[in-house]
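A.B. asks: Following this message is one structure expressed as structure tokens.
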Amino acid sequence: MRDMTYLEAIRESMSQVMRKDEDVFIMGEDIGIYGGAFGLTNGMIEEFGPERVRNTPISEAAISGCAVGAAMTGMRPILEIQFSDFVMIAMDNIVNQAAKMRYMFGGKAKVPVVVRLPGGSGAGFAAQHSQSLEAWMTHVPGLKVVQPSNAYDAKGLMKAAIKDDNPVLFYEHKLLYNIKGEVPEEDYEIPLGVADIKKEGTDITIIATAIMVNRALEAAAELEKEGISVEVIDPRTLVPLDTETIFQSVKKTSRVLVVYEAVKRGGYGAEIASMIAESEVFDYLDAPIKRLGGVPTPIPYNPELEKAAVPQVNDIIQECRKLMNK
Amino acid sequence: MSNLIKIKNSSFSPEKLKTMLYDMMVIRSFEETLKKLYQQGKIHGTMHLCIGQEATAVGACVPLTKEDKITSTHRGHGHSIAKGTDVKKMMAELLGKETGYCKGKGGSMHIADLDIGNLGANGIVAAGLPLGTGAALTSKMKDLGYVVLCFFGDGASNEGAFHESLNLASVWKLPVIFFCENNLYGMSGWIKEMTNIENIADRGAAYGIQSETINGNEILKVVEATERAVERARNGEGPSLIEAHTYRWEGHSRSDARKYRTRDEEKEWKKQRDPIALFKEQLIEENIITEEEFIELGNRVQAEMDEAVEFAESSKAPDLETLTTDIYA
């Protein structure tokens, strides 16, 4: 199988769907000749032309509403929000319009729009270009939230997101863009709501999202040398969430660490932790559920400070050791 | 009367002209009926009545076909009726019944009827403009030939979404008509205190959009302006901005004591510029309709409204099990 980057995998997924389905098109700021802020759409305008690779003015309020209006009238737009931080300017269209339209119109409207959101820290972009705000979206009924952690998943999940008849927020992590993985050439789909066990283990379950999956796997390899066997689960989609895979793992290991880059306070890790605590697998726990999340601070510019703001491999190792001693 | 468009110059049959009058009367009667039902405690929440603005709703929809689309505002009952929405189902929605347009989940501010191109009322000021722009993009990309008319108020013209949508629609030459019902007040905000320009239509120039200001209480002027805009849109000449001056007789919503304006001002609009009275007078003057026929129309409207109330009141409330249905497709 070929190796390809996370970024190329997303591009390939969109391109394959666009070749088959005339209703799918992409729009966003600088996605044309420029190829997008991260180069993800490089070459797409040459293949699909400016009608379907639609370069927009810098107008998040209008382009997000425009994507929703197009979706409710029969198109399947994919909107790129250049940096996920800019989604706040588009929030009315996502939260008040896209998410609610089906419900408040008595089930008659469908809003098949995908919003691509490059997020996360570690690239030196500082506080207004580095946030992880996916938990906000999970709080809104009507939205689906996807967070792929590798190239293979990114391609398959993008296909499912485009096919979905609901608004899907597709969170991409900037630090994952250039990481390569095996990706089949054919067009395949990973259903939304199916978690993946990235590594099997017996002592601790780590539930991690996005770049934290890679860090958890690195930590697991280190801990293995100390005789601690870690199972790493990647939910892949926060809404819908595959609780069953998580519960089965907790039954097996009896210890849980939830790792996510977003600020720990009010983050989605709290939701996962509570869900376990409220479920029947609570009785299997041998230690309190632990969360490891971002420090409650805007993302700083200085590289050492930036690293300190979100969980790193060593932080995960430390937490796991502590958890084993409980 | 001298300023009114002469009917003999218009292209409409007497039947069509009577239908326009009838539709305006239905809107007014619908709103007055709601007021009564609200006072009787049969409708909860709030509502935004459009009494006094019947000519903009009906006039703007006359040049539209069933395939054309509208987006509406929180003051949207008139727009829905003008686009052909079923009055019975709308009444049922306002009473929160399962036979309503939104199965009792949307209420006044969320009436939509996608089958006839009504993309929905909207509780968020200016939100319909980018949505309508997107619907127009679909029309252009799929070559469907329909146009989209976005109703909005003077208050919405100060929102960022208004400016961004006009710009986007203009650079993409989309078949969309931005139709401003300038009723002088954004909730309690008087237009002279909220904008520093004479006409909202002047803002179109900033985006290279053909714009005009019209008297929104003369239905034939509204029809004419919208016809021009529809023609431009169908010819691929892009968006238009129409500003129609009108007035809402009631307050912003049911809780509004109207302290921000004078009763003299209200009286003047009601006595001198009632869009229904103006049109009726014109139709009588030109022998399209008689006083008796007008009374007969009024009786028909009343019967339609009685039937709508009866339908709504006798409909079932939604089952509690439907609370969490239709969140996802």
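The chains in the structure tokens are called A, B, ... from first to last as shown; in each chain the residues are counted from 1, and the ligands are counted from 1 in the order shown.
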Might you pull out every residue within 9 Å of Met1 of chain A, with only C-alpha atoms counted and same-chain residues fewer than 5 positions away left off, and present them as a short mmCIF file (atom, residue, chain, number, x, y, z; two decimals) with C-alpha atoms, in the first residue's frame?

C.D. replies:
```cif
data_model
loop_
_atom_site.label_atom_id
_atom_site.label_comp_id
_atom_site.auth_asym_id
_atom_site.auth_seq_id
_atom_site.Cartn_x
_atom_site.Cartn_y
_atom_site.Cartn_z
CA GLU A 182 -0.67 3.80 4.64
CA VAL A 183 -3.67 4.83 2.60
CA PRO A 184 -5.40 2.63 0.02
CA GLU A 185 -5.93 4.14 -3.39
#
```

A.B. asks: With a cut-off of 9 Å and counting only C-alpha atoms, select all residues of chain A in contact with chain B and give the selection as a PDB file with N, CA and C atoms, in the first residue's frame.

C.D. replies:
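File result27.pdb, as written:
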```
ATOM      1  N   GLU A  22     -21.483  15.341  -8.805  1.00  0.00           N
ATOM      2  CA  GLU A  22     -21.459  16.724  -9.299  1.00  0.00           C
ATOM      3  C   GLU A  22     -21.945  17.720  -8.246  1.00  0.00           C
ATOM      4  N   ASP A  23     -22.706  17.242  -7.268  1.00  0.00           N
ATOM      5  CA  ASP A  23     -23.254  18.158  -6.264  1.00  0.00           C
ATOM      6  C   ASP A  23     -22.218  18.569  -5.219  1.00  0.00           C
ATOM      7  N   GLU A  51     -15.561  26.888 -10.622  1.00  0.00           N
ATOM      8  CA  GLU A  51     -16.946  26.766 -10.161  1.00  0.00           C
ATOM      9  C   GLU A  51     -17.047  25.809  -8.982  1.00  0.00           C
ATOM     10  N   ARG A  52     -16.250  24.753  -9.022  1.00  0.00           N
ATOM     11  CA  ARG A  52     -16.342  23.726  -7.974  1.00  0.00           C
ATOM     12  C   ARG A  52     -15.226  23.834  -6.948  1.00  0.00           C
ATOM     13  N   THR A  56     -13.352  32.171  -2.164  1.00  0.00           N
ATOM     14  CA  THR A  56     -14.324  33.125  -1.621  1.00  0.00           C
ATOM     15  C   THR A  56     -13.634  34.380  -1.093  1.00  0.00           C
ATOM     16  N   PRO A  57     -14.394  35.460  -0.973  1.00  0.00           N
ATOM     17  CA  PRO A  57     -13.872  36.613  -0.235  1.00  0.00           C
ATOM     18  C   PRO A  57     -13.642  36.217   1.235  1.00  0.00           C
ATOM     19  N   ILE A  58     -12.887  37.021   1.951  1.00  0.00           N
ATOM     20  CA  ILE A  58     -12.669  36.772   3.378  1.00  0.00           C
ATOM     21  C   ILE A  58     -13.928  37.226   4.102  1.00  0.00           C
ATOM     22  N   SER A  59     -14.860  36.345   4.240  1.00  0.00           N
ATOM     23  CA  SER A  59     -16.214  36.682   4.724  1.00  0.00           C
ATOM     24  C   SER A  59     -16.828  35.467   5.397  1.00  0.00           C
ATOM     25  N   GLU A  60     -16.319  35.097   6.549  1.00  0.00           N
ATOM     26  CA  GLU A  60     -16.788  33.850   7.163  1.00  0.00           C
ATOM     27  C   GLU A  60     -18.293  33.838   7.407  1.00  0.00           C
ATOM     28  N   ALA A  61     -18.865  34.995   7.746  1.00  0.00           N
ATOM     29  CA  ALA A  61     -20.305  35.025   8.016  1.00  0.00           C
ATOM     30  C   ALA A  61     -21.092  34.688   6.755  1.00  0.00           C
ATOM     31  N   ALA A  62     -20.669  35.246   5.629  1.00  0.00           N
ATOM     32  CA  ALA A  62     -21.421  35.009   4.394  1.00  0.00           C
ATOM     33  C   ALA A  62     -21.132  33.637   3.807  1.00  0.00           C
ATOM     34  N   ILE A  63     -19.867  33.223   3.804  1.00  0.00           N
ATOM     35  CA  ILE A  63     -19.580  31.950   3.122  1.00  0.00           C
ATOM     36  C   ILE A  63     -20.140  30.758   3.908  1.00  0.00           C
ATOM     37  N   SER A  64     -20.190  30.877   5.218  1.00  0.00           N
ATOM     38  CA  SER A  64     -20.776  29.775   5.993  1.00  0.00           C
ATOM     39  C   SER A  64     -22.282  29.718   5.752  1.00  0.00           C
ATOM     40  N   GLY A  65     -22.938  30.866   5.731  1.00  0.00           N
ATOM     41  CA  GLY A  65     -24.378  30.891   5.453  1.00  0.00           C
ATOM     42  C   GLY A  65     -24.663  30.448   4.033  1.00  0.00           C
ATOM     43  N   CYS A  66     -23.793  30.843   3.133  1.00  0.00           N
ATOM     44  CA  CYS A  66     -23.945  30.469   1.731  1.00  0.00           C
ATOM     45  C   CYS A  66     -23.827  28.949   1.581  1.00  0.00           C
ATOM     46  N   ALA A  67     -22.884  28.351   2.301  1.00  0.00           N
ATOM     47  CA  ALA A  67     -22.722  26.894   2.240  1.00  0.00           C
ATOM     48  C   ALA A  67     -23.981  26.211   2.786  1.00  0.00           C
ATOM     49  N   VAL A  68     -24.536  26.744   3.863  1.00  0.00           N
ATOM     50  CA  VAL A  68     -25.745  26.150   4.449  1.00  0.00           C
ATOM     51  C   VAL A  68     -26.933  26.308   3.482  1.00  0.00           C
ATOM     52  N   GLY A  69     -27.060  27.476   2.888  1.00  0.00           N
ATOM     53  CA  GLY A  69     -28.145  27.711   1.921  1.00  0.00           C
ATOM     54  C   GLY A  69     -28.025  26.802   0.711  1.00  0.00           C
ATOM     55  N   ALA A  70     -26.787  26.591   0.255  1.00  0.00           N
ATOM     56  CA  ALA A  70     -26.572  25.690  -0.886  1.00  0.00           C
ATOM     57  C   ALA A  70     -26.899  24.253  -0.474  1.00  0.00           C
ATOM     58  N   ALA A  71     -26.520  23.883   0.747  1.00  0.00           N
ATOM     59  CA  ALA A  71     -26.765  22.514   1.215  1.00  0.00           C
ATOM     60  C   ALA A  71     -28.261  22.239   1.329  1.00  0.00           C
ATOM     61  N   MET A  72     -29.014  23.203   1.809  1.00  0.00           N
ATOM     62  CA  MET A  72     -30.443  22.939   2.001  1.00  0.00           C
ATOM     63  C   MET A  72     -31.225  22.966   0.691  1.00  0.00           C
ATOM     64  N   THR A  73     -30.562  23.378  -0.395  1.00  0.00           N
ATOM     65  CA  THR A  73     -31.246  23.397  -1.692  1.00  0.00           C
ATOM     66  C   THR A  73     -30.672  22.367  -2.661  1.00  0.00           C
ATOM     67  N   GLY A  74     -29.873  21.423  -2.158  1.00  0.00           N
ATOM     68  CA  GLY A  74     -29.505  20.304  -3.030  1.00  0.00           C
ATOM     69  C   GLY A  74     -28.036  20.100  -3.329  1.00  0.00           C
ATOM     70  N   MET A  75     -27.161  20.995  -2.866  1.00  0.00           N
ATOM     71  CA  MET A  75     -25.731  20.795  -3.086  1.00  0.00           C
ATOM     72  C   MET A  75     -25.133  20.109  -1.850  1.00  0.00           C
ATOM     73  N   ASP A  92     -23.027  31.738  13.878  1.00  0.00           N
ATOM     74  CA  ASP A  92     -24.477  31.812  13.754  1.00  0.00           C
ATOM     75  C   ASP A  92     -24.981  30.813  12.725  1.00  0.00           C
ATOM     76  N   ASN A  93     -24.264  30.750  11.611  1.00  0.00           N
ATOM     77  CA  ASN A  93     -24.722  29.857  10.551  1.00  0.00           C
ATOM     78  C   ASN A  93     -24.573  28.395  10.912  1.00  0.00           C
ATOM     79  N   ASN A  96     -26.920  28.337  14.918  1.00  0.00           N
ATOM     80  CA  ASN A  96     -28.330  28.743  14.862  1.00  0.00           C
ATOM     81  C   ASN A  96     -29.056  28.282  13.613  1.00  0.00           C
ATOM     82  N   GLN A  97     -28.291  28.077  12.535  1.00  0.00           N
ATOM     83  CA  GLN A  97     -28.959  27.712  11.281  1.00  0.00           C
ATOM     84  C   GLN A  97     -28.765  26.221  10.976  1.00  0.00           C
ATOM     85  N   ALA A  99     -27.425  23.601  12.412  1.00  0.00           N
ATOM     86  CA  ALA A  99     -27.701  22.581  13.420  1.00  0.00           C
ATOM     87  C   ALA A  99     -29.195  22.416  13.704  1.00  0.00           C
ATOM     88  N   LYS A 100     -29.950  23.494  13.579  1.00  0.00           N
ATOM     89  CA  LYS A 100     -31.342  23.470  14.033  1.00  0.00           C
ATOM     90  C   LYS A 100     -32.365  23.322  12.928  1.00  0.00           C
ATOM     91  N   MET A 101     -31.931  23.559  11.710  1.00  0.00           N
ATOM     92  CA  MET A 101     -32.888  23.680  10.616  1.00  0.00           C
ATOM     93  C   MET A 101     -33.795  22.456  10.466  1.00  0.00           C
ATOM     94  N   ARG A 102     -33.199  21.293  10.515  1.00  0.00           N
ATOM     95  CA  ARG A 102     -34.001  20.089  10.327  1.00  0.00           C
ATOM     96  C   ARG A 102     -35.075  19.992  11.420  1.00  0.00           C
ATOM     97  N   TYR A 103     -34.649  20.180  12.633  1.00  0.00           N
ATOM     98  CA  TYR A 103     -35.569  20.047  13.771  1.00  0.00           C
ATOM     99  C   TYR A 103     -36.655  21.115  13.735  1.00  0.00           C
ATOM    100  N   MET A 104     -36.242  22.358  13.600  1.00  0.00           N
ATOM    101  CA  MET A 104     -37.238  23.422  13.715  1.00  0.00           C
ATOM    102  C   MET A 104     -38.141  23.535  12.485  1.00  0.00           C
ATOM    103  N   PHE A 105     -37.764  22.872  11.387  1.00  0.00           N
ATOM    104  CA  PHE A 105     -38.662  22.828  10.227  1.00  0.00           C
ATOM    105  C   PHE A 105     -39.437  21.506  10.190  1.00  0.00           C
ATOM    106  N   GLY A 106     -39.532  20.841  11.333  1.00  0.00           N
ATOM    107  CA  GLY A 106     -40.348  19.632  11.413  1.00  0.00           C
ATOM    108  C   GLY A 106     -39.786  18.452  10.635  1.00  0.00           C
ATOM    109  N   GLY A 107     -38.471  18.390  10.473  1.00  0.00           N
ATOM    110  CA  GLY A 107     -37.842  17.229   9.834  1.00  0.00           C
ATOM    111  C   GLY A 107     -37.741  17.335   8.327  1.00  0.00           C
ATOM    112  N   LYS A 108     -38.109  18.485   7.758  1.00  0.00           N
ATOM    113  CA  LYS A 108     -38.141  18.548   6.296  1.00  0.00           C
ATOM    114  C   LYS A 108     -36.833  18.968   5.649  1.00  0.00           C
ATOM    115  N   ALA A 109     -36.017  19.743   6.346  1.00  0.00           N
ATOM    116  CA  ALA A 109     -34.775  20.203   5.715  1.00  0.00           C
ATOM    117  C   ALA A 109     -33.631  19.228   5.980  1.00  0.00           C
ATOM    118  N   LYS A 110     -32.728  19.145   5.010  1.00  0.00           N
ATOM    119  CA  LYS A 110     -31.480  18.398   5.187  1.00  0.00           C
ATOM    120  C   LYS A 110     -30.355  19.397   4.948  1.00  0.00           C
ATOM    121  N   VAL A 111     -29.306  19.300   5.745  1.00  0.00           N
ATOM    122  CA  VAL A 111     -28.199  20.251   5.567  1.00  0.00           C
ATOM    123  C   VAL A 111     -26.868  19.495   5.435  1.00  0.00           C
ATOM    124  N   PRO A 141     -26.875  20.177  19.781  1.00  0.00           N
ATOM    125  CA  PRO A 141     -27.611  19.096  19.121  1.00  0.00           C
ATOM    126  C   PRO A 141     -27.792  19.416  17.638  1.00  0.00           C
ATOM    127  N   GLY A 142     -27.550  18.411  16.807  1.00  0.00           N
ATOM    128  CA  GLY A 142     -27.730  18.619  15.366  1.00  0.00           C
ATOM    129  C   GLY A 142     -26.424  18.638  14.601  1.00  0.00           C
ATOM    130  N   LEU A 143     -25.311  18.793  15.305  1.00  0.00           N
ATOM    131  CA  LEU A 143     -24.014  18.804  14.632  1.00  0.00           C
ATOM    132  C   LEU A 143     -23.310  17.472  14.860  1.00  0.00           C
ATOM    133  N   ASP A 164     -22.834  12.197   4.557  1.00  0.00           N
ATOM    134  CA  ASP A 164     -23.804  12.406   5.629  1.00  0.00           C
ATOM    135  C   ASP A 164     -24.767  13.553   5.273  1.00  0.00           C
ATOM    136  N   ASP A 165     -26.023  13.386   5.610  1.00  0.00           N
ATOM    137  CA  ASP A 165     -27.016  14.422   5.310  1.00  0.00           C
ATOM    138  C   ASP A 165     -27.114  15.499   6.390  1.00  0.00           C
ATOM    139  N   ASN A 166     -26.188  15.478   7.332  1.00  0.00           N
ATOM    140  CA  ASN A 166     -26.200  16.452   8.429  1.00  0.00           C
ATOM    141  C   ASN A 166     -24.957  17.334   8.357  1.00  0.00           C
ATOM    142  N   PRO A 167     -25.001  18.474   9.060  1.00  0.00           N
ATOM    143  CA  PRO A 167     -23.778  19.281   9.130  1.00  0.00           C
ATOM    144  C   PRO A 167     -22.691  18.550   9.917  1.00  0.00           C
TER     145      PRO A 167
END
```

A.B. asks: Neighbours of segment 297-301 of chain B within 10 Å (only C-alpha atoms; same-chain residues fewer than 5 positions away dropped), as a short mmCIF file (atom, residue, chain, number, x, y, z; two decimals) with C-alpha atoms, in the first residue's frame?

C.D. replies:
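See selection.cif below for the written result:
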```
data_model
loop_
_atom_site.label_atom_id
_atom_site.label_comp_id
_atom_site.auth_asym_id
_atom_site.auth_seq_id
_atom_site.Cartn_x
_atom_site.Cartn_y
_atom_site.Cartn_z
CA LYS B 18 -58.29 40.86 -7.03
CA THR B 19 -56.11 37.94 -5.91
CA LEU B 21 -55.95 42.32 -2.79
CA TYR B 22 -57.32 39.10 -1.35
CA ASP B 23 -53.84 37.88 -0.33
CA MET B 24 -53.17 41.16 1.45
CA MET B 25 -56.47 40.84 3.28
CA VAL B 26 -55.62 37.26 4.30
CA ILE B 27 -52.34 38.44 5.80
CA ARG B 28 -54.03 41.17 7.79
CA SER B 29 -56.78 38.89 8.98
CA PHE B 30 -54.28 36.18 9.92
CA GLU B 291 -67.70 47.98 -2.75
CA GLU B 292 -69.97 44.93 -2.57
CA ASP B 306 -62.36 30.52 10.85
CA GLU B 307 -61.54 27.28 9.11
#
```

A.B. asks: Quick one: residues within 7 Å of segment 244-252 of chain B, only C-alpha atoms, excluding same-chain residues fewer than 6 positions away - as number ranges by chain?

C.D. replies: B: 48-53, 180-184, 187, 213-217, 258, 266

A.B. asks: Mind dumping the selected residues with C-alpha atoms as an mmCIF file, in the first residue's frame?

C.D. replies:
```cif
data_model
loop_
_atom_site.group_PDB
_atom_site.id
_atom_site.type_symbol
_atom_site.label_atom_id
_atom_site.label_comp_id
_atom_site.auth_asym_id
_atom_site.auth_seq_id
_atom_site.Cartn_x
_atom_site.Cartn_y
_atom_site.Cartn_z
ATOM 1 C CA HIS B 48 -44.060 39.624 15.389
ATOM 2 C CA LEU B 49 -47.057 40.890 13.487
ATOM 3 C CA CYS B 50 -46.748 42.478 10.049
ATOM 4 C CA ILE B 51 -50.009 44.429 9.922
ATOM 5 C CA GLY B 52 -49.338 47.401 7.655
ATOM 6 C CA GLN B 53 -46.694 45.608 5.602
ATOM 7 C CA CYS B 180 -35.494 45.430 2.473
ATOM 8 C CA GLU B 181 -38.759 46.174 4.224
ATOM 9 C CA ASN B 182 -37.784 49.471 5.768
ATOM 10 C CA ASN B 183 -40.428 49.952 8.455
ATOM 11 C CA LEU B 184 -38.341 52.619 10.223
ATOM 12 C CA MET B 187 -37.183 46.683 17.385
ATOM 13 C CA THR B 213 -35.905 52.869 -3.051
ATOM 14 C CA ILE B 214 -39.658 52.553 -3.521
ATOM 15 C CA ASN B 215 -42.926 53.175 -1.726
ATOM 16 C CA GLY B 216 -43.613 49.816 -0.177
ATOM 17 C CA ASN B 217 -47.237 50.546 0.600
ATOM 18 C CA ARG B 258 -44.263 51.409 21.548
ATOM 19 C CA GLU B 266 -48.959 55.672 13.779
#
```

A.B. asks: I need the residues of segment 183-314 of chain B that end up classed as strand (DSSP E) by DSSP on the backbone, written out as a PyMOL selection string.

C.D. replies: chain B and resi 185-186+189-190+210-215+240-245

A.B. asks: What does the structure give for the distance between atom CA of Val230 of chain B and atom CA of Cys61 of chain B, in Å to one decimal?

C.D. replies: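 Atom CA of Cys61 of chain B lies 10.4 Å from atom CA of Val230 of chain B.
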
A.B. asks: How far is it from atom CA of Lys326 of chain A to atom CA of Glu280 of chain A, in Å with one decimal?

C.D. replies: 21.0 Å

A.B. asks: Of the candidates A:Arg19, A:Lys307, A:Lys251, A:Arg76, which shows the shortest atom-to-atom distance to Lys163 of chain A, using only C-alpha atoms?

C.D. replies: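 Among the listed residues, the smallest separation from Lys163 of chain A belongs to A:Arg76.
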
A.B. asks: Using only C-alpha atoms, which protein or nucleic acid residues come within 9 Å of segment 29-32 of chain A? Drop anything in the same chain fewer than 6 positions from it, and give the result as a PyMOL selection string.

C.D. replies: chain A and resi 39-46+49-50+53-60+80-82

A.B. asks: Mind dumping the selected residues with C-alpha atoms as a short mmCIF file (atom, residue, chain, number, x, y, z; two decimals), in the first residue's frame?

C.D. replies:
```cif
data_model
loop_
_atom_site.label_atom_id
_atom_site.label_comp_id
_atom_site.auth_asym_id
_atom_site.auth_seq_id
_atom_site.Cartn_x
_atom_site.Cartn_y
_atom_site.Cartn_z
CA GLY A 39 -1.72 23.71 0.58
CA LEU A 40 -4.39 21.10 1.10
CA THR A 41 -6.33 22.00 -2.06
CA ASN A 42 -3.23 22.31 -4.25
CA GLY A 43 -4.05 21.33 -7.80
CA MET A 44 -7.76 20.93 -7.26
CA ILE A 45 -8.76 24.05 -9.17
CA GLU A 46 -6.82 22.75 -12.18
CA GLY A 49 -12.27 24.45 -12.22
CA PRO A 50 -13.22 27.61 -10.37
CA VAL A 53 -13.18 24.93 -6.26
CA ARG A 54 -14.71 28.19 -5.28
CA ASN A 55 -12.40 30.86 -3.99
CA THR A 56 -14.32 33.12 -1.62
CA PRO A 57 -13.87 36.61 -0.24
CA ILE A 58 -12.67 36.77 3.38
CA SER A 59 -16.21 36.68 4.72
CA GLU A 60 -16.79 33.85 7.16
CA GLU A 80 -12.84 25.32 4.47
CA ILE A 81 -12.51 27.66 7.43
CA GLN A 82 -8.87 28.64 7.04
#
```

A.B. asks: Tell me which of B:Lys97, B:Lys83, B:Arg234, B:Arg228 sits closest to Leu144 of chain B, counting only C-alpha atoms.

C.D. replies: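 Closest candidate: B:Arg234.
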
A.B. asks: What's around Asn235 of chain B at 10 Å? Count only C-alpha atoms, leave out sequence neighbours fewer than 6 positions away in its own chain, and write the answer as a PyMOL selection string.

C.D. replies: chain B and resi 145+175+229

A.B. asks: Would you save the residues of that selection, restricted to all heavy atoms, as a PDB file, in the first residue's frame?

C.D. replies:
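Contents of the output file again-v7.pdb:
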```
ATOM      1  N   GLY B 145     -32.348  27.855 -12.878  1.00  0.00           N
ATOM      2  CA  GLY B 145     -33.146  28.983 -13.371  1.00  0.00           C
ATOM      3  C   GLY B 145     -34.005  29.703 -12.339  1.00  0.00           C
ATOM      4  O   GLY B 145     -34.668  30.677 -12.659  1.00  0.00           O
ATOM      5  N   PRO B 175     -28.311  34.968  -8.806  1.00  0.00           N
ATOM      6  CA  PRO B 175     -29.695  35.398  -9.046  1.00  0.00           C
ATOM      7  C   PRO B 175     -30.459  35.606  -7.739  1.00  0.00           C
ATOM      8  O   PRO B 175     -31.307  34.812  -7.357  1.00  0.00           O
ATOM      9  CB  PRO B 175     -30.283  34.233  -9.853  1.00  0.00           C
ATOM     10  CG  PRO B 175     -29.519  33.029  -9.402  1.00  0.00           C
ATOM     11  CD  PRO B 175     -28.119  33.526  -9.075  1.00  0.00           C
ATOM     12  N   ALA B 229     -36.071  43.395 -10.964  1.00  0.00           N
ATOM     13  CA  ALA B 229     -34.973  42.662 -10.317  1.00  0.00           C
ATOM     14  C   ALA B 229     -34.975  41.184 -10.719  1.00  0.00           C
ATOM     15  O   ALA B 229     -33.918  40.588 -10.949  1.00  0.00           O
ATOM     16  CB  ALA B 229     -35.092  42.788  -8.794  1.00  0.00           C
TER      17      ALA B 229
END
```

A.B. asks: Sort by chain and increasing residue number a table of all residues of segment 50-148 of chain A within 10 Å of segment 202-216 of chain A, each with its closest pair of atoms and their distance in Å to one decimal, counting only C-alpha atoms, and write it as a tab-separated table.

C.D. replies:
```
residue	atom	partner	partner_atom	distance
A:Gly119	CA	A:Ala210	CA	9.9
A:Gly120	CA	A:Ile211	CA	8.5
A:Ser121	CA	A:Ile211	CA	9.7
A:Val146	CA	A:Ala210	CA	9.6
A:Gln147	CA	A:Ala210	CA	5.8
A:Pro148	CA	A:Ala210	CA	5.8
```

A.B. asks: Enumerate as a ChimeraX atom specification all residues of segment 41-209 of chain B assigned to helix (DSSP H, G or I) by DSSP on the backbone, naming them with the chain letters and numbers the document uses.

C.D. replies: /B:54-61,77-83,87-94,108-110,114-116,128-141,155-158,160-171,191-194,200-207
